[in-house]
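**Q** Input: one structure, supplied below.
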Amino acid sequence: MSLFLRVVFSFTMFGDLFEEEYSTVSNNQYGKGKKLKTKALEPPAPREFTNLSGIRNQGGTCYLNSLLQTLHFTPEFREALFSLGPEELGLFEDKDKPDAKVRIIPLQLQRLFAQLLLLDQEAASTADLTDSFGWTSNEEMRQHDVQELNRILFSALETSLVGTSGHDLIYRLYHGTIVNQIVCKECKNVSERQEDFLDLTVAVKNVSGLEDALWNMYVEEEVFDCDNLYHCGTCDRLVKAAKSAKLRKLPPFLTVSLLRFNFDFVKCERYKETSCYTFPLRINLKPFCEQSELDDLEYIYDLFSVIIHKGGCYGGHYHVYIKDVDHLGNWQFQEEKSKPDVNLKDLQSEEEIDHPLMILKAILLEEENNLIPVDQLGQKLLKKIGISWNKKYRKQHGPLRKFLQLHSQIFLLSSDESTVRLLKNSSLQAESDFQRNDQQIFKMLPPESPGLNNSISCPHWFDINDSKVQPIREKDIEQQFQGKESAYMLFYRKSQLQRPPEARANPRYGVPCHLLNEMDAANIELQTKRAECDSANNTFELHLHLGPQYHFFNGALHPVVSQTESVWDLTFDKRKTLGDLRQSIFQLLEFWEGDMVLSVAKLVPAGLHIYQSLGGDELTLCETEIADGEDIFVWNGVEVGGVHIQTGIDCEPLLLNVLHLDTSSDGEKCCQVIESPHVFPANAEVGTVLTALAIPAGVIFINSAGCPGGEGWTAIPKEDMRKTFREQGLRNGSSILIQDSHDDNSLLTKEEKWVTSMNEIDWLHVKNLCQLESEEKQVKISATVNTMVFDIRIKAIKELKLMKELADNSCLRPIDRNGKLLCPVPDSYTLKEAELKMGSSLGLCLGKAPSSSQLFLFFAMGSDVQPGTEMEIVVEETISVRDCLKLMLKKSGLQDSFIGDAWHLRKMDWCYEAGEPLCEEDATLKELLICSGDTLLLIEGQLPPLGFLKVPIWWYQLQGPSGHWESHQDQTNCTSSWGRVWRATSSQGASGNEPAQVSLLYLGDIEISEDATLAELKSQAMTLPPFLEFGVPSPAHLRAWTVERKRPGRLLRTDRQPLREYKLGRRIEICLEPLQKGENLGNHQVHIDPMMALKCQQEAHPQLLSVCSDSLPSNGFIIAPVALPPYSTFFILVSPDISVLTDLFVSICLPLLEYKYLVYSLLYP
C-alpha cells in the first residue's frame, strides 16, 4: 500500500510526465526559444576550460539537471538511446501527420545529449524536454524529489519505447531482482517470493554506511520463534522459521537511493538525517547475492555518480559528482592558490619594468580570481607604469593578445579572447626566463587508489552544479558522507564494463549523423552570433563632424549646409587604436589633404565647440576614454573656413539671455524690454556685453539660470566688470539685464510708471480667458521660480474676482509671442519645473489640466496649417494611434471617414510641416514618444503598406523671365488642372541677367516599393495621366531630383539603384526634369546645368571664357559656375585627363583654396 501511495504522489508531482501525448510535439529546435520564455539577448557563453557543458536551471530544476547529467555520463545508456533512429522514433517534421507517431521524450533526450556532447555552450537548456513532459512553468519553478523523478522518468521512457528495438533499454541496464525466502526449521521447506527493482532503497538512520545497510538487508536473517511463529504450509502448523533476502540478479548499473528524509512521530514533523554515512568507491556485492559461484569480478561495482542534496527536508539544492568514464572533459586540476611572491610595489628597477611577463603577472595577481578583461589589462598596465603596451613593448613583443597567446603556459585566454586568466601555479621566480617552454602550468593529479580501485590512470571526477562544471579530486567525495550537504543517490557500474578505445576523448562517438550535422550547424550559428555580439559589445558610434563643412558663426561652429550632410556616423571597434581610426577616416575622406587632427567636440546650446585634441596614435580608443556617441571634429587643428578656432573648456561658448530697453527709430528709449540671445566665450570679460550691444556705458545685472529661489537680480560692481563670465557664475541660459547709466536707475515700466526695484520684475501676467465677465481683464501675480502653479492660479482667480467654483475647473496655459495658447501647465509644477520665465503671460482657461497619464495635443486637418486653425484634445498616453485618430476625426465632424482607413496621422516637425507618418497604428502614443503640446496632422489618404513609399511626383522645367516654359517642345498649352504649381526664384543666373524661375507642377502620387529601382519609379510616374501630354520617349529622358523647400534639391543618380539605398525617408517628393537625350548619371560623374549662363560671371572671373574656349574643343572638359552657400561662387571641373584638371585648378581655383576640399569631393565623390 505504501508503494502505491508513493506512485500516486509521483503523478501529482510531475504532471503529465507519465503520459506522452503524440499530438503535442514540441516544435522548438535549437536556436528557437520556448513559448512564453524570455529569449536571451546574447548568445550563450562558450564552454569553460573543462570542455564540459552544464544545464541551465529553469528556476527549480536542479534535481532534473543532476539526474540528466548522470544519464548522460552513462555511456551505455546514451549510446543505446542514440541507436534508435528516426525510422523508429519518428521525426519532428511529421508531427502534424494524422498517422505519424512521434516519440517525443526519446527524441528530446537524444537532442539534449547531443548538445551536451558537441554544442559549444556553457550550459544546455531543458526547455524543450520539459515541454515534452507536459510541464507548466509552475512545475519548472517547483523543486521535487530526484529519487521519485528517476522512477517516473524510467517508466515514461519504457512506455514511450514500446514497439521499438529499445523497448527493453531500461530493463537491460537497470533491472535487477531480489528473492525473499522463509525456511521452515522443521521440514526445511523454502517459501520464496521474487521482486523486481530498478533501484535499491537503503536506510540511513542508525546505520554507519552502505555496506552496513546491505548487510542488514541481505545477510542477516529474521528469526520467527516464541510468540512470533511462522505458519508452515507443509507442516500445517506454527513453527520456527528464518526469513532472509538475497540479490538474485544484478543489473549492469546499480542505483542506490538513501533514505535521508524521515518522520519524527514524537514531534510530528519531517527531518533530514545528516549523520555520517559512508559508501565505498568500489564495492563487492558477492556477500549479498544468492549465487556466489561466479567469478569475483562479476560482483565488483565502481561508483561513478553521486547526487548530492544541500539543505533541509522542505527545500534545498541538488548537484552531482560525476566520474568521466570516457575522459570527455579536460580534467586539468589547478594547484592551490599560492601566496603572491611578487607585488607591483616590488617592481622598482627599470630592468623589472622592462620585463613584460613579470609586470603582467603582477597585475593579474592583484585581481580577484586572477581574471581580467584583456582591454582592462592594457589600461591597468598604462596606469601602473605610466606608458602603454604599444609604446613600451609592441615593437619587441608584438600586440598584447599575441603575447598572451605565445605564453599559454602562464596565461589562459577565453575562447573569444576577451578575458585572460593567470594559471594559478605559475611562479614568477621559476619563470624569470619566460622563453622556456618546458614548464607545466597545469599538473595532473597523481593517481589515487582508494578502496579497491587498482586502475592505473587517475579517475576524472567533476562537480556539475547546474551551469557550472568544476574538476574535483576523488577524495572530495568523502566530504559528502554527512552534514546538510550530503549524498542522496549513488550510481554504480560493473567494473567489467569496458569502453572501446575509439570512444575515449571522442564526444562524436556513437552520435547519429543527423544529430552531428545539426550540432555542427548550430555551432556555426553560435560562432556567428558571438562574433556579432562581440562586435556590438566592442564597438561604438562616433559622430564625425567634418571641418570643411562647418563655418564659425555667432561664437560657435555651425554646419554650412545642414546637420545631416555635415555629420557622418561611424561605427568603430573601441579596441583599435587612435591611429587606426585616423587611417579609416582618411580612407573615407578621399578628398582630404594635409594634416588631420581629431578633436573631441560637444554640442552646446550655442553650437558645436571643440574641447581637446586626441593624441597618441598607439593608444586604443578605450585608453583615450572616448565614450559611445562621442562627437569628433575632423579638421586641420588650426582654423575652420579661415577663422582661427579657440579650443578648450575655458573658452566654451555661453548662450546668454540679454535684456535691455528697446530703442526707437529716433534713438529714444522705449518702455519695452527686449530679450535676445547672445553668445560669449566663457573666458571673456563681462564688460564685453556692452561692446556687443553698442552701449557706451551702463549697469549690468545678472541672474544665473537655476539660482535657488530665483531671488531677483544682482548688479555687477564696476571693479568686477573685468571678471570673466565663468568667474561670475554664469552658464548657458543665464540672464543679463543691461541698464543705460543715463536712465536715472529706471529699468522697466509698470503701468507707465518707472520701476526702480529689480525685484519687481518677478511677476507673471494672467489673462482672463474663461469667457466670464470680470472687472479685470488681466492681473500681475508676483512669484518666484519655486512658486507652485496652483498658488498662482488661485491667486489669479481671487484678483480677477471670479467665481470660486473655477478653482476646481480651470487651468493656466502659457501664451507665446504670437498669442497662441500652449499646453496647460499642471498645478503640481513649480515655475521652474514648468520652464516659465518671469514676465511670461498666462491664460486662465476653463477645464482641468491633463493628469500625469494624459496628453494635451493640438491637431489640424491637412498639411497646410494656418495659425489659429488647430484643434485641441486630451487623450490618455496609452491610447493607440488608431483610437486617437478616431477621436480626432470625431471631434472634427468626420467620424464616418475612418471607414477604409481613409485618413492617417503625421506629427508636425520643427518646420511646421507634415513629418513622418505614425505607421504603427496599434502602438500607443507613449511608445511613439508623443508628448503634451505636440501637433498631429490629419492627412487624407491611406498609408502605404510596410516597405512601400507614397511619392508625390512634380514636373520640373526652368522658366524664363516671361514665365513661359523653356522646353525643347511647346508646353504653353499645359495647365495645372491636375495639380498645383510652386514657383520660386532661382539662385542661378539666367540669360539677359534676368532671374529665372523654378516652377514645379504637381502631377499626382505613385505608390512604389522601397526595393524598386529609380528607373522603375520613372516608368511608373510616366503612367500618370498628365504625362501623356509631355511626350517623354523613355525613362532615360528624365532626370530625377528630390524636392526640398519647394524646389529641386538632391540629384538622384544610377537608374538601377534601389530606392532604399537613397535613404529618402517616408516624406520624400520627387520632381522629374525632361531631357533632350537619354542619360544615366553614375556616382563618378558631375552634373553641369547646360542652361546656366556664363555671362553673368564674366566680370568677376574674366579668365573663365578664355579657358573654356581654349580647352573645351581639345580636351573635352566643362567648367561652369555654381552657386554655393552661403555667399560664394565656385567652379566644377570634369575631365578624363587629370593633368588638365591640375592645370585648371592651379590657374583658376588657387585663389579660392579654402574651398579646395569641395573641388575634390565633386571630382571624386
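So you can find residues: chains in the C-alpha cells are A, B, ... in the order shown, residues in each start at 1, and ligands are numbered from 1 in order.
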List every residue of segment 403-594 of chain A that DSSP, applied to the backbone, labels as helix (DSSP H, G or I), and write the result as a PyMOL selection string.

**A** chain A and resi 403-406+474-480+501-503+513-537+547-549+563-566+578-588

**Q** Can you work out the spacing between atom CA of Glu675 of chain A and atom CA of Val658 of chain A in Å, to one decimal?

**A**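 Separation between atom CA of Glu675 of chain A and atom CA of Val658 of chain A: 5.6 Å.
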
**Q** Mind giving me the straight-line distance from atom CA of Pro944 of chain A to atom CA of Gln854 of chain A in Å, one decimal?

**A** 29.7 Å

**Q** Atom CA of Cys823 of chain A to atom CA of Phe856 of chain A: how many Å, to one decimal?

**A**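 Separating atom CA of Cys823 of chain A from atom CA of Phe856 of chain A is a distance of 6.3 Å.
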
**Q** Just checking: using only C-alpha atoms, which residue out of A:Asp720, A:Glu590, A:Glu877, A:Glu87 ends up closest to Leu929 of chain A?

**A** A:Glu877
